[in-house]
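Chemist: I have a structure I would like to understand better, so I am pasting it below and will then ask my questions one at a time.
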Amino acid sequence: MARAAVVPSTRLAVEYWLLTYRRNWKGSILTSFLSPVLFLAAMGLGLGSLVDAEVGSGRDLGGLDYLDFLAPGLLAGNAMMLAVNESTYPVLGGFKWYRTYMAMAASPLRGRDILLGHFAYMAFRVTLASFVFLGVMAAFGSVSSPLAVLAPFCAALCGMAFATPTAAFVATRINADNFSTYTRFVIMPMFLFSGIFYPVSQLPIVLEQLAWLTPVWHGVRLCRALSTGSGVNWELAGHLAYLVALILAGTLVASRTFTKRLYE
Amino acid sequence: MSLIAAWGLTKQFGDFTAVNGIDFEVERGEVFGFLGPNGAGKSSTMRMIGCVSDPTGGALRILGMDPSREGTKIRSRLGVVPQQDNLDEELSVAENLYVYGRYFDLPRAALRPRIAELLEFVQLSERADDHVEPLSGGMKRRLTIARALISDPEVLLLDEPTTGLDPQARHVVWERLWTLKRQGVTQVLTTHYMDEAEQLCDRLVVMDRGKIVAEGSPRQLIERYSTREVVEVRTHGQVTVMAEALRRIGESAETQAREELYERVEELPDRVLLYTDHGERLVALLGEVEHESVLVRRSTLEDVFLHLTGRSLVD
C-alpha cells in the first residue's frame, strides 16, 4: 500500500486534548461561570460596599469602585489558578497515570508536538474561561472600555506564564507529593499579595517590589488597564514582554525536562 | 534485507548497563521474540526499536533507517503495544482508535471503516461506544493491539503482550496474534513466559543480564540446550539429599548405561530435574529413592534458560 509520509504536527496532539474536552466542556464552562459570580458577588458587591463607603472612590484605587478595581484583578488571578491546575496533575498524569504522553511518543508525534500540543490546549482552556469571566464582569457592570475584549488574552498569557514553568517542574516529579505545598505556599501568596485585592503600594516596600516580580502582578495590571480603559500606555508593552519572556523561558525548560522524561 | 538489524546495541543508564552489546536481525514476516526474566534488558531493547530511547552504543537500523535521525519516519511505520496499557479511559473504545489514528494524520473519512474493521478483528464491535474503563484486562489488551494496527504498520512491537492476563484471555490474544502472523505482519515481542515464546515465536533470542545467551527457533534451542525429556522428582525432604541419592542410581548402573541414563541433574528448591532421553527407564529405577511424586515431561524453553543461566525465568 502506498502511503504518504506522515508529517507530525502539534495540531494532531491538540486534537486529542480537544476530544477529551468535548467530554466535559459543560462542567468546565459552568465552573468558569460560577467562580466569578461568587467572587464578584461576595467581594465585589459585599466587601466592596464597605470599601467604597470608607475609602470612597479615592486615589488609592485609581478612582475606581472596588468592584471595578477587583474584577479585572480576579480575571488574571483566576487564569493563574486554572493554568496551575491544568499544568500539575494532568501533566504528571500524562507521564505516569494515564500515560497519554507515552502513547503519543510511540506515534510519529515528536516531543515538541507533545509538549506544545498540551500547552496550546491549556492556553485554549484558560482563554475560554477568561472570556466567560469577562462576560460575568460585564453582567456585573464592571467593564467600562471596549479594550476589555483583549483582557482575556492577557489573562491567558498570565496563566501560561505559570503553566509553562510549572509543567517543566512537574515533568521532573515522580509523584504529586509537592503539588499542594506548591499551590499553598507559592501560588496562593501570589494570589493574595499581587495587587488583585488592593494596590501593592499598600504593602511594605520590600513586599511591593517582590510583587513586581510575580507574573500575576503584570497580568493584573494589563487586565485592569484594558477593562477600565485607564492607564493604557507604553507600560503595558513592558508587562506583555515580561509575560511572553516567562512563557518562552518556561517552554524552553519544559522542552528539556519533557524530553528527558519521555525518551530516557 | 532484514527489517530490523542491531550490531553491538547497548543502552546504559548512568553506571547501569541495561543492554550490553547485542546483535540480532528480524526478517520480514517473522515473529521474533526476546525471552528473558524481568530486568534482562528486553523492554530497554524494545524502547530502542520503538525509537523512543536512543542507543548509547552500537548500531541499529530499522526499515533501513537510523532511529536517532529518522525516528518520526520509522515510528509512522511501526505499531506499538506497550507493557503498561495507556488507553484513554475517559474516551470510548472507538474514540481511542480514532484519536490514535489522528496521531498518524490518517484522514477522518478513512478512519471510520478502519476502526469498524479493527474492532471486528479484536472482537470488540459491540463495545465500540462504551468507555474503556470498565473493560476487562483482556479486552483492554485487545483494544491496545487494535490501536497499534490502526496505521497498518509494517512491524508490530509487543512488550509483554499477555502479562497480567488470565489464561483464557491470553489464549484469545495469542489466537489474534497467530491470525496476524498468517496475514504476514512482522511481529517483535518480549516475554518472560516460555510457553508464550514457544507458541508464538518463529525465532527468538534468550536474554539474561543485558546479553543474548542463545538464539534460534524454539525447537532448535531445546534440541541444542536440553534433552528430549525431563524427569521431575519432588520431595518433602531435603532436595540435596534426594539429588545425592538420584546421582547414586546413575553411579550404580554400568558405566555405559549411566551415560545414556541422564545428561544432567538440576536442583530446584522443591524438586530435582533429571535431563534424559529415556524418561521411563529412569523412572523405573526411582523406587529405591524416597520421593513424593515423579513426572516425565518434554523439555521446554524454561529448561533451556535454566541450563544457560542456572536460574529460572519466573522467580
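Going by the C-alpha cells order, chains are called A, B, ..., each with residues numbered from 1, while ligands are numbered from 1 in the order shown.
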Show which residues sit within 8 Å of Ala18 (chain B), as a list in words. Count only C-alpha atoms, and ignore same-chain residues fewer than 2 positions away.
Modeler: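 The residues that qualify are Thr10, Lys11, Gln12, Phe13, Phe16, Asn20, Gly39, Ala40, Gly41, Ser44, Arg209 and Gly210 of chain B.
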Chemist: Set the distance at 12 Å and use only C-alpha atoms: which residues neighbour Ala245 (chain B) once local chain neighbours fewer than 2 positions away are removed? I'd like the list as a list in words.
Modeler: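 Using only C-alpha atoms, the neighbours found are Val233, Thr235, Gln238, Val239, Thr240, Val241, Met242, Ala243, Arg247, Arg248, Ile249, Gly250, Glu251, Ser252, Val265, Val272, Leu285, Leu286, Gly287, Glu288, Val289, Glu290 and His291 of chain B.
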Chemist: For those residues, write N, CA and C atoms to a file as a PDB file, in the first residue's frame.
Modeler:
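File written: part38.pdb
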ATOM      1  N   VAL B 233      11.405 -34.877  39.892  1.00  0.00           N
ATOM      2  CA  VAL B 233      11.155 -35.649  41.113  1.00  0.00           C
ATOM      3  C   VAL B 233      10.992 -34.675  42.268  1.00  0.00           C
ATOM      4  N   THR B 235      10.114 -33.784  46.373  1.00  0.00           N
ATOM      5  CA  THR B 235      10.307 -34.391  47.691  1.00  0.00           C
ATOM      6  C   THR B 235       9.790 -33.466  48.782  1.00  0.00           C
ATOM      7  N   GLN B 238      14.757 -33.024  52.097  1.00  0.00           N
ATOM      8  CA  GLN B 238      15.784 -32.125  51.591  1.00  0.00           C
ATOM      9  C   GLN B 238      16.151 -32.481  50.158  1.00  0.00           C
ATOM     10  N   VAL B 239      16.134 -31.445  49.327  1.00  0.00           N
ATOM     11  CA  VAL B 239      16.401 -31.649  47.908  1.00  0.00           C
ATOM     12  C   VAL B 239      17.820 -32.172  47.697  1.00  0.00           C
ATOM     13  N   THR B 240      18.781 -31.631  48.432  1.00  0.00           N
ATOM     14  CA  THR B 240      20.179 -32.040  48.220  1.00  0.00           C
ATOM     15  C   THR B 240      20.363 -33.521  48.545  1.00  0.00           C
ATOM     16  N   VAL B 241      19.668 -33.961  49.598  1.00  0.00           N
ATOM     17  CA  VAL B 241      19.781 -35.371  49.991  1.00  0.00           C
ATOM     18  C   VAL B 241      19.240 -36.251  48.880  1.00  0.00           C
ATOM     19  N   MET B 242      18.061 -35.850  48.344  1.00  0.00           N
ATOM     20  CA  MET B 242      17.457 -36.662  47.284  1.00  0.00           C
ATOM     21  C   MET B 242      18.316 -36.619  46.021  1.00  0.00           C
ATOM     22  N   ALA B 243      18.835 -35.437  45.700  1.00  0.00           N
ATOM     23  CA  ALA B 243      19.660 -35.312  44.497  1.00  0.00           C
ATOM     24  C   ALA B 243      20.866 -36.245  44.599  1.00  0.00           C
ATOM     25  N   ARG B 247      21.762 -39.303  42.089  1.00  0.00           N
ATOM     26  CA  ARG B 247      23.046 -39.425  41.390  1.00  0.00           C
ATOM     27  C   ARG B 247      23.626 -40.821  41.604  1.00  0.00           C
ATOM     28  N   ARG B 248      23.358 -41.393  42.803  1.00  0.00           N
ATOM     29  CA  ARG B 248      23.898 -42.730  43.089  1.00  0.00           C
ATOM     30  C   ARG B 248      23.256 -43.789  42.196  1.00  0.00           C
ATOM     31  N   ILE B 249      21.976 -43.574  41.808  1.00  0.00           N
ATOM     32  CA  ILE B 249      21.337 -44.526  40.887  1.00  0.00           C
ATOM     33  C   ILE B 249      22.179 -44.630  39.636  1.00  0.00           C
ATOM     34  N   GLY B 250      22.540 -43.480  39.129  1.00  0.00           N
ATOM     35  CA  GLY B 250      23.351 -43.436  37.928  1.00  0.00           C
ATOM     36  C   GLY B 250      24.674 -44.151  38.137  1.00  0.00           C
ATOM     37  N   GLU B 251      25.297 -43.876  39.302  1.00  0.00           N
ATOM     38  CA  GLU B 251      26.625 -44.437  39.532  1.00  0.00           C
ATOM     39  C   GLU B 251      26.585 -45.952  39.706  1.00  0.00           C
ATOM     40  N   SER B 252      25.488 -46.486  40.271  1.00  0.00           N
ATOM     41  CA  SER B 252      25.408 -47.930  40.489  1.00  0.00           C
ATOM     42  C   SER B 252      25.161 -48.676  39.182  1.00  0.00           C
ATOM     43  N   VAL B 265      21.795 -33.181  36.061  1.00  0.00           N
ATOM     44  CA  VAL B 265      20.879 -33.105  37.193  1.00  0.00           C
ATOM     45  C   VAL B 265      20.812 -31.632  37.630  1.00  0.00           C
ATOM     46  N   VAL B 272      13.990 -32.022  41.961  1.00  0.00           N
ATOM     47  CA  VAL B 272      15.219 -32.265  41.202  1.00  0.00           C
ATOM     48  C   VAL B 272      14.809 -32.578  39.769  1.00  0.00           C
ATOM     49  N   LEU B 285      13.771 -46.914  37.788  1.00  0.00           N
ATOM     50  CA  LEU B 285      14.858 -47.096  38.745  1.00  0.00           C
ATOM     51  C   LEU B 285      14.688 -46.259  40.004  1.00  0.00           C
ATOM     52  N   LEU B 286      13.608 -45.425  40.035  1.00  0.00           N
ATOM     53  CA  LEU B 286      13.474 -44.466  41.126  1.00  0.00           C
ATOM     54  C   LEU B 286      13.005 -45.100  42.432  1.00  0.00           C
ATOM     55  N   GLY B 287      12.408 -46.305  42.349  1.00  0.00           N
ATOM     56  CA  GLY B 287      11.803 -46.937  43.515  1.00  0.00           C
ATOM     57  C   GLY B 287      12.686 -46.912  44.748  1.00  0.00           C
ATOM     58  N   GLU B 288      13.991 -47.011  44.534  1.00  0.00           N
ATOM     59  CA  GLU B 288      14.913 -47.079  45.680  1.00  0.00           C
ATOM     60  C   GLU B 288      15.042 -45.736  46.385  1.00  0.00           C
ATOM     61  N   VAL B 289      14.728 -44.635  45.681  1.00  0.00           N
ATOM     62  CA  VAL B 289      14.931 -43.306  46.273  1.00  0.00           C
ATOM     63  C   VAL B 289      13.619 -42.782  46.841  1.00  0.00           C
ATOM     64  N   GLU B 290      13.686 -42.293  48.071  1.00  0.00           N
ATOM     65  CA  GLU B 290      12.470 -41.765  48.701  1.00  0.00           C
ATOM     66  C   GLU B 290      12.063 -40.457  48.025  1.00  0.00           C
ATOM     67  N   HIS B 291      10.809 -40.370  47.528  1.00  0.00           N
ATOM     68  CA  HIS B 291      10.360 -39.149  46.888  1.00  0.00           C
ATOM     69  C   HIS B 291       8.850 -39.009  47.028  1.00  0.00           C
TER      70      HIS B 291
END
Chemist: At a cut-off of 10 Å, list the chain A residues touching chain B, using only C-alpha atoms, as a PyMOL selection string.
Modeler: chain A and resi 1+3-17+19-20+23-24+94-111+259-260+262-264
Chemist: CA of Asp130 (chain B) and CA of Arg125 (chain A), how far apart in Å?
Modeler: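 One can read the CA of Arg125 (chain A) to CA of Asp130 (chain B) distance as 26.3 Å.
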Chemist: Mind checking which residues fall within 8 Å of Val136 (chain A), counting only C-alpha atoms, ignoring those fewer than 6 positions away in the same chain, and posting them as a list of chain:residue names?
Modeler: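 Here the qualifying residues turn out to be A:Phe33, A:Pro36, A:Val37.
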Chemist: Let's see if you can do this: from backbone DSSP, list all alpha helix (DSSP H) residues in region 13-169 of chain A, as a count of residues only.
Modeler: 118
